[in-house]
file data-v1.json (JSON, C-alpha atoms)
[["chain", "number", "residue", "atom", "x", "y", "z"],
["W", 1407, "MET", "CA", 219.25, 171.18, 116.84],
["W", 1408, "ALA", "CA", 220.24, 169.11, 119.85],
["W", 1409, "GLU", "CA", 220.83, 170.40, 123.39],
["W", 1410, "GLN", "CA", 224.57, 169.77, 123.07],
["W", 1411, "GLU", "CA", 224.65, 171.96, 119.96],
["W", 1412, "PHE", "CA", 222.94, 174.77, 121.87],
["W", 1413, "MET", "CA", 225.56, 174.55, 124.61],
["W", 1414, "GLU", "CA", 228.35, 174.37, 122.04],
["W", 1415, "GLU", "CA", 227.08, 177.63, 120.53],
["W", 1416, "ALA", "CA", 226.89, 179.30, 123.96],
["W", 1417, "VAL", "CA", 230.49, 178.25, 124.65],
["W", 1418, "ARG", "CA", 231.61, 179.38, 121.17],
["W", 1419, "LEU", "CA", 230.16, 182.83, 121.90],
["W", 1420, "ALA", "CA", 231.86, 182.88, 125.30],
["W", 1421, "THR", "CA", 235.21, 181.94, 123.80],
["W", 1422, "GLU", "CA", 234.84, 184.57, 121.07],
["W", 1423, "SER", "CA", 234.21, 187.20, 123.75],
["W", 1424, "VAL", "CA", 237.45, 186.27, 125.52],
["W", 1425, "VAL", "CA", 239.55, 186.01, 122.35],
["W", 1426, "ASN", "CA", 238.36, 189.42, 121.14],
["W", 1427, "GLY", "CA", 238.83, 191.06, 124.55],
["W", 1428, "TRP", "CA", 235.15, 191.94, 124.79],
["W", 1429, "GLY", "CA", 234.57, 190.42, 128.23],
["W", 1430, "GLY", "CA", 234.59, 187.27, 130.33],
["W", 1431, "PRO", "CA", 233.93, 183.72, 129.15],
["W", 1432, "PHE", "CA", 230.18, 184.00, 129.16],
["W", 1433, "GLY", "CA", 227.90, 183.33, 126.22],
["W", 1434, "ALA", "CA", 224.25, 182.37, 125.97],
["W", 1435, "VAL", "CA", 221.64, 181.27, 123.49],
["W", 1436, "ILE", "CA", 217.87, 181.35, 123.87],
["W", 1437, "THR", "CA", 215.88, 178.64, 122.16],
["W", 1438, "ARG", "CA", 212.25, 178.11, 121.28],
["W", 1439, "ASP", "CA", 210.84, 175.03, 119.59],
["W", 1440, "ASP", "CA", 214.36, 173.52, 119.33],
["W", 1441, "GLU", "CA", 215.76, 176.50, 117.41],
["W", 1442, "ILE", "CA", 218.08, 179.29, 118.50],
["W", 1443, "ILE", "CA", 216.20, 182.59, 118.41],
["W", 1444, "ALA", "CA", 218.85, 184.79, 120.07],
["W", 1445, "ARG", "CA", 222.52, 184.84, 120.97],
["W", 1446, "GLY", "CA", 224.39, 186.92, 123.52],
["W", 1447, "GLN", "CA", 227.92, 187.19, 124.79],
["W", 1448, "ASN", "CA", 229.67, 189.11, 127.49],
["W", 1449, "ARG", "CA", 230.59, 192.56, 126.20],
["W", 1450, "VAL", "CA", 231.37, 194.34, 129.45],
["W", 1451, "LEU", "CA", 234.91, 195.32, 128.41],
["W", 1452, "LEU", "CA", 233.81, 196.27, 124.91],
["W", 1453, "THR", "CA", 231.00, 198.56, 126.06],
["W", 1454, "GLY", "CA", 231.94, 199.53, 129.62],
["W", 1455, "ASP", "CA", 228.39, 198.48, 130.54],
["W", 1456, "PRO", "CA", 228.42, 196.22, 133.64],
["W", 1457, "THR", "CA", 225.03, 194.79, 132.63],
["W", 1458, "ALA", "CA", 226.29, 193.56, 129.23],
["W", 1459, "HIS", "CA", 226.42, 189.93, 130.35],
["W", 1460, "GLY", "CA", 225.78, 187.14, 127.85],
["W", 1461, "GLU", "CA", 222.42, 186.19, 129.32],
["W", 1462, "VAL", "CA", 221.12, 189.77, 129.44],
["W", 1463, "GLU", "CA", 222.29, 190.40, 125.89],
["W", 1464, "ALA", "CA", 220.52, 187.22, 124.72],
["W", 1465, "ILE", "CA", 217.31, 188.21, 126.52],
["W", 1466, "ARG", "CA", 217.33, 191.66, 124.89],
["W", 1467, "LYS", "CA", 217.81, 190.13, 121.45],
["W", 1468, "ALA", "CA", 215.13, 187.45, 122.01],
["W", 1469, "ILE", "CA", 212.60, 190.18, 122.84],
["W", 1470, "GLN", "CA", 213.51, 191.97, 119.60],
["W", 1471, "VAL", "CA", 213.02, 188.74, 117.62],
["W", 1472, "LEU", "CA", 209.68, 187.83, 119.20],
["W", 1473, "ASN", "CA", 208.34, 191.36, 119.40],
["W", 1474, "PRO", "CA", 210.12, 193.38, 116.70],
["W", 1475, "GLU", "CA", 207.88, 196.38, 117.30],
["W", 1476, "ALA", "CA", 208.84, 196.57, 120.99],
["W", 1477, "PRO", "CA", 211.13, 199.59, 120.61],
["W", 1478, "SER", "CA", 208.25, 201.62, 119.22],
["W", 1479, "ILE", "CA", 206.72, 203.73, 121.94],
["W", 1480, "SER", "CA", 203.14, 203.07, 121.06],
["W", 1481, "LEU", "CA", 200.27, 201.29, 122.76],
["W", 1482, "LYS", "CA", 199.44, 199.95, 119.31],
["W", 1483, "TYR", "CA", 202.20, 197.34, 119.79],
["W", 1484, "GLN", "CA", 201.67, 196.62, 123.48],
["W", 1485, "ASN", "CA", 200.01, 193.23, 123.12],
["W", 1486, "LYS", "CA", 202.38, 191.58, 120.65],
["W", 1487, "TYR", "CA", 203.97, 188.23, 121.54],
["W", 1488, "THR", "CA", 206.02, 189.17, 124.60],
["W", 1489, "LEU", "CA", 203.40, 191.34, 126.30],
["W", 1490, "ARG", "CA", 200.39, 189.11, 125.60],
["W", 1491, "LEU", "CA", 198.90, 188.13, 128.95],
["W", 1492, "ILE", "CA", 199.08, 184.52, 130.09],
["W", 1493, "THR", "CA", 197.51, 182.87, 133.14],
["W", 1494, "ARG", "CA", 199.79, 182.26, 136.10],
["W", 1495, "GLU", "CA", 201.04, 178.76, 136.83],
["W", 1496, "PRO", "CA", 198.83, 176.81, 139.29],
["W", 1497, "ASP", "CA", 201.60, 176.55, 141.93],
["W", 1498, "SER", "CA", 202.82, 180.14, 141.51],
["W", 1499, "PRO", "CA", 203.03, 182.38, 144.60],
["W", 1500, "ASP", "CA", 202.20, 185.34, 142.31],
["W", 1501, "THR", "CA", 199.19, 187.36, 143.43],
["W", 1502, "GLU", "CA", 198.38, 188.49, 139.87],
["W", 1503, "LYS", "CA", 196.10, 186.16, 137.89],
["W", 1504, "GLN", "CA", 197.85, 187.05, 134.64],
["W", 1505, "ARG", "CA", 201.24, 188.42, 133.63],
["W", 1506, "ALA", "CA", 202.86, 189.31, 130.33],
["W", 1507, "ARG", "CA", 204.21, 186.26, 128.51],
["W", 1508, "MET", "CA", 207.72, 187.67, 128.05],
["W", 1509, "LEU", "CA", 209.90, 184.64, 127.11],
["W", 1510, "LYS", "CA", 207.61, 181.89, 128.43],
["W", 1511, "GLY", "CA", 208.11, 178.87, 126.19],
["W", 1512, "CYS", "CA", 211.81, 179.56, 125.72],
["W", 1513, "GLU", "CA", 214.96, 178.14, 127.33],
["W", 1514, "ILE", "CA", 218.44, 179.55, 127.84],
["W", 1515, "TYR", "CA", 221.78, 177.76, 127.49],
["W", 1516, "THR", "CA", 224.76, 179.52, 129.01],
["W", 1517, "SER", "CA", 228.45, 178.80, 129.41],
["W", 1518, "GLY", "CA", 228.38, 179.58, 133.16],
["W", 1519, "GLN", "CA", 225.79, 179.44, 135.91],
["W", 1520, "PRO", "CA", 224.08, 182.86, 135.85],
["W", 1521, "CYS", "CA", 225.10, 185.57, 138.31],
["W", 1522, "PRO", "CA", 222.43, 187.19, 140.54],
["W", 1523, "MET", "CA", 221.70, 189.94, 138.00],
["W", 1524, "CYS", "CA", 221.29, 187.50, 135.13],
["W", 1525, "MET", "CA", 219.21, 185.12, 137.23],
["W", 1526, "SER", "CA", 216.89, 188.00, 138.12],
["W", 1527, "ALA", "CA", 216.56, 188.87, 134.43],
["W", 1528, "ILE", "CA", 215.81, 185.21, 133.71],
["W", 1529, "TYR", "CA", 213.05, 185.12, 136.35],
["W", 1530, "TRP", "CA", 211.53, 188.37, 135.03],
["W", 1531, "SER", "CA", 211.73, 186.98, 131.49],
["W", 1532, "ARG", "CA", 209.82, 183.85, 132.52],
["W", 1533, "LEU", "CA", 212.21, 181.54, 130.71],
["W", 1534, "ASP", "CA", 211.16, 177.90, 131.21],
["W", 1535, "ALA", "CA", 214.64, 176.48, 131.89],
["W", 1536, "VAL", "CA", 218.30, 177.36, 132.38],
["W", 1537, "TYR", "CA", 221.09, 175.02, 131.26],
["W", 1538, "PHE", "CA", 224.65, 175.97, 132.22],
["W", 1539, "SER", "CA", 228.00, 174.37, 131.50],
["W", 1540, "ARG", "CA", 230.15, 175.61, 134.41],
["W", 1541, "ASP", "CA", 228.86, 176.09, 137.96],
["W", 1542, "LEU", "CA", 229.43, 178.91, 140.48],
["W", 1543, "ASP", "CA", 232.47, 177.18, 142.01],
["W", 1544, "ASP", "CA", 234.10, 176.83, 138.58],
["W", 1545, "THR", "CA", 233.33, 180.48, 137.88],
["W", 1546, "ALA", "CA", 234.79, 181.63, 141.21],
["W", 1547, "GLU", "CA", 237.98, 179.72, 140.48],
["W", 1548, "ILE", "CA", 238.64, 181.94, 137.45],
["W", 1549, "GLY", "CA", 238.00, 185.17, 139.36],
["W", 1550, "PHE", "CA", 234.26, 185.75, 138.96],
["W", 1551, "SER", "CA", 232.76, 185.13, 142.41],
["W", 1552, "ASP", "CA", 229.27, 186.34, 143.19],
["W", 1553, "GLU", "CA", 229.10, 184.73, 146.63],
["W", 1554, "PHE", "CA", 229.30, 188.12, 148.38],
["W", 1555, "GLN", "CA", 226.18, 189.27, 146.52],
["W", 1556, "TYR", "CA", 224.19, 186.20, 147.48],
["W", 1557, "GLU", "CA", 225.23, 186.74, 151.11],
["W", 1558, "ASP", "CA", 224.60, 190.50, 151.02],
["W", 1559, "PHE", "CA", 221.06, 190.02, 149.65],
["W", 1560, "LYS", "CA", 220.19, 187.96, 152.74],
["W", 1561, "LYS", "CA", 221.06, 190.83, 155.10],
["W", 1562, "PRO", "CA", 218.58, 193.48, 156.25],
["W", 1563, "VAL", "CA", 218.75, 196.59, 154.05],
["W", 1564, "ASP", "CA", 220.56, 198.65, 156.70],
["W", 1565, "GLU", "CA", 223.33, 196.03, 157.03],
["W", 1566, "ARG", "CA", 224.23, 195.64, 153.35],
["W", 1567, "SER", "CA", 227.61, 196.58, 151.93],
["W", 1568, "ILE", "CA", 226.08, 199.34, 149.76],
["W", 1569, "HIS", "CA", 224.36, 202.06, 151.76],
["W", 1570, "MET", "CA", 220.61, 201.82, 151.33],
["W", 1571, "GLU", "CA", 217.84, 203.81, 152.96],
["W", 1572, "GLN", "CA", 214.34, 204.87, 152.12],
["W", 1573, "SER", "CA", 214.20, 208.51, 151.09],
["W", 1574, "TYR", "CA", 211.19, 210.76, 150.38],
["W", 1575, "PRO", "CA", 208.53, 208.04, 150.23],
["W", 1576, "GLU", "CA", 205.85, 210.68, 149.64],
["W", 1577, "LEU", "CA", 207.46, 211.54, 146.29],
["W", 1578, "GLY", "CA", 207.50, 207.94, 145.08],
["W", 1579, "LYS", "CA", 203.89, 207.55, 146.20],
["W", 1580, "VAL", "CA", 202.83, 209.82, 143.31],
["W", 1581, "ALA", "CA", 204.01, 207.30, 140.72],
["W", 1582, "TYR", "CA", 202.65, 204.35, 142.72],
["W", 1583, "ASP", "CA", 199.27, 206.07, 143.00],
["W", 1584, "ALA", "CA", 199.28, 206.70, 139.24],
["W", 1585, "TRP", "CA", 199.76, 202.96, 138.68],
["W", 1586, "THR", "CA", 197.08, 202.00, 141.21],
["W", 1587, "SER", "CA", 194.58, 204.51, 139.80],
["W", 1588, "ARG", "CA", 194.69, 202.75, 136.43],
["W", 1589, "GLY", "CA", 192.52, 200.07, 138.04],
["W", 1590, "ASP", "CA", 191.88, 197.25, 135.57],
["W", 1591, "ASP", "CA", 193.66, 199.22, 132.86],
["W", 1592, "LYS", "CA", 197.08, 197.99, 134.06],
["W", 1593, "HIS", "CA", 199.23, 195.55, 132.08],
["W", 1594, "PRO", "CA", 200.93, 193.26, 134.63],
["W", 1595, "TYR", "CA", 204.39, 192.19, 133.58]]

call {"tool": "encode", "arguments": {"input": "data-v1.json", "output": "structure tokens"}}
result
Amino acid sequence: MAEQEFMEEAVRLATESVVNGWGGPFGAVITRDDEIIARGQNRVLLTGDPTAHGEVEAIRKAIQVLNPEAPSISLKYQNKYTLRLITREPDSPDTEKQRARMLKGCEIYTSGQPCPMCMSAIYWSRLDAVYFSRDLDDTAEIGFSDEFQYEDFKKPVDERSIHMEQSYPELGKVAYDAWTSRGDDKHPY
């Protein structure tokens, strides 16, 4: 398939979401080796889940395609495709020498430039590229502005619009110590 066809499918999914009343005009496809491996569309209104954005839905489905055993809670399946360790990129600021592959080698096509949540999911997924049809200004014009989030993230924690404060750090240290005590038996992701 061609890149335009990938974008056409992302926009078709976005339009279907709007027509059916499932959510906003946001659809996405994830590709690997010039084939669509997963599709997602905004389903916030359908599910009531504010994280059910097209990009996040596509990421979840891509993981299921590439690592179908992932839902199984078993170390037996831990090193399948998505969790197989790969060496960090030479110019990466990452301090870990290796991380789980996740969706490295895949690309995402989306009807609109990803919001902060979706962009974070894309970074964590290690997608190689993002292609979007409409930019943040276009998206703001139809009532979906994320500018306040981008601005709020730049503020110190105690100045953000949502109250944030550290609470009971000694309790959280237990879990952090459990992770650290695994030594070389950790699986960086």

call {"tool": "residues_around", "arguments": {"input": "data-v1.json", "residues": "Arg1505 of chain W", "least_positions_apart": "5", "cutoff": "7 Å", "atoms": "all atoms listed in the file", "output": "PDB file with C-alpha atoms, keeping the file's coordinate frame"}}
result
ATOM      1  CA  LEU W1491     198.900 188.130 128.950  1.00  0.00           C
ATOM      2  CA  ILE W1492     199.080 184.520 130.090  1.00  0.00           C
ATOM      3  CA  THR W1493     197.510 182.870 133.140  1.00  0.00           C
ATOM      4  CA  ARG W1494     199.790 182.260 136.100  1.00  0.00           C
ATOM      5  CA  PRO W1594     200.930 193.260 134.630  1.00  0.00           C
ATOM      6  CA  TYR W1595     204.390 192.190 133.580  1.00  0.00           C
TER       7      TYR W1595
END

call {"tool": "atom_distance", "arguments": {"input": "data-v1.json", "atom1": "atom CA of Gly1427 of chain W", "atom2": "atom CA of Ala1527 of chain W"}}
result
24.5 Å

call {"tool": "axis_aligned_box", "arguments": {"input": "data-v1.json", "around": "segment 1454-1459 of chain W", "padding_each_side": "8 Å", "output": "lines of an AutoDock Vina configuration file"}}
result
center_x = 228.5
center_y = 194.7
center_z = 131.4
size_x = 22.9
size_y = 25.6
size_z = 20.4

call {"tool": "atom_distance", "arguments": {"input": "data-v1.json", "atom1": "atom CA of Asn1426 of chain W", "atom2": "atom CA of Asn1448 of chain W"}}
result
10.8 Å

call {"tool": "atom_distance", "arguments": {"input": "data-v1.json", "atom1": "atom CA of Arg1532 of chain W", "atom2": "atom CA of Gly1549 of chain W"}}
result
29.0 Å

call {"tool": "closest_residue", "arguments": {"input": "data-v1.json", "among": "W:Ser1567, W:Thr1437, W:Gln1410, W:Gln1447", "to": "Gly1460 of chain W", "atoms": "only C-alpha atoms"}}
result
W:Gln1447

call {"tool": "residues_near_point", "arguments": {"input": "data-v1.json", "point": "(233.2, 178.3, 134.9)", "cutoff": "12 Å", "atoms": "all atoms listed in the file", "output": "number ranges by chain"}}
result
W: 1417, 1420-1421, 1430-1433, 1516-1521, 1538-1551

call {"tool": "closest_residue", "arguments": {"input": "data-v1.json", "among": "W:Asp1558, W:Arg1507, W:Lys1486, W:Trp1428", "to": "Gly1454 of chain W", "atoms": "all atoms listed in the file"}}
result
W:Trp1428

call {"tool": "closest_residue", "arguments": {"input": "data-v1.json", "among": "W:Arg1588, W:Arg1438, W:Arg1445, W:Arg1466", "to": "Ala1535 of chain W", "atoms": "all atoms listed in the file"}}
result
W:Arg1438

call {"tool": "closest_residue", "arguments": {"input": "data-v1.json", "among": "W:Glu1415, W:Asp1497, W:Glu1502, W:Glu1461", "to": "Val1536 of chain W", "atoms": "only C-alpha atoms"}}
result
W:Glu1461

call {"tool": "closest_residue", "arguments": {"input": "data-v1.json", "among": "W:Pro1474, W:Thr1501, W:Met1570, W:Val1462", "to": "Met1525 of chain W", "atoms": "all atoms listed in the file"}}
result
W:Val1462

call {"tool": "closest_residue", "arguments": {"input": "data-v1.json", "among": "W:Ile1514, W:Met1413, W:Tyr1487, W:Ser1498", "to": "Glu1463 of chain W", "atoms": "only C-alpha atoms"}}
result
W:Ile1514
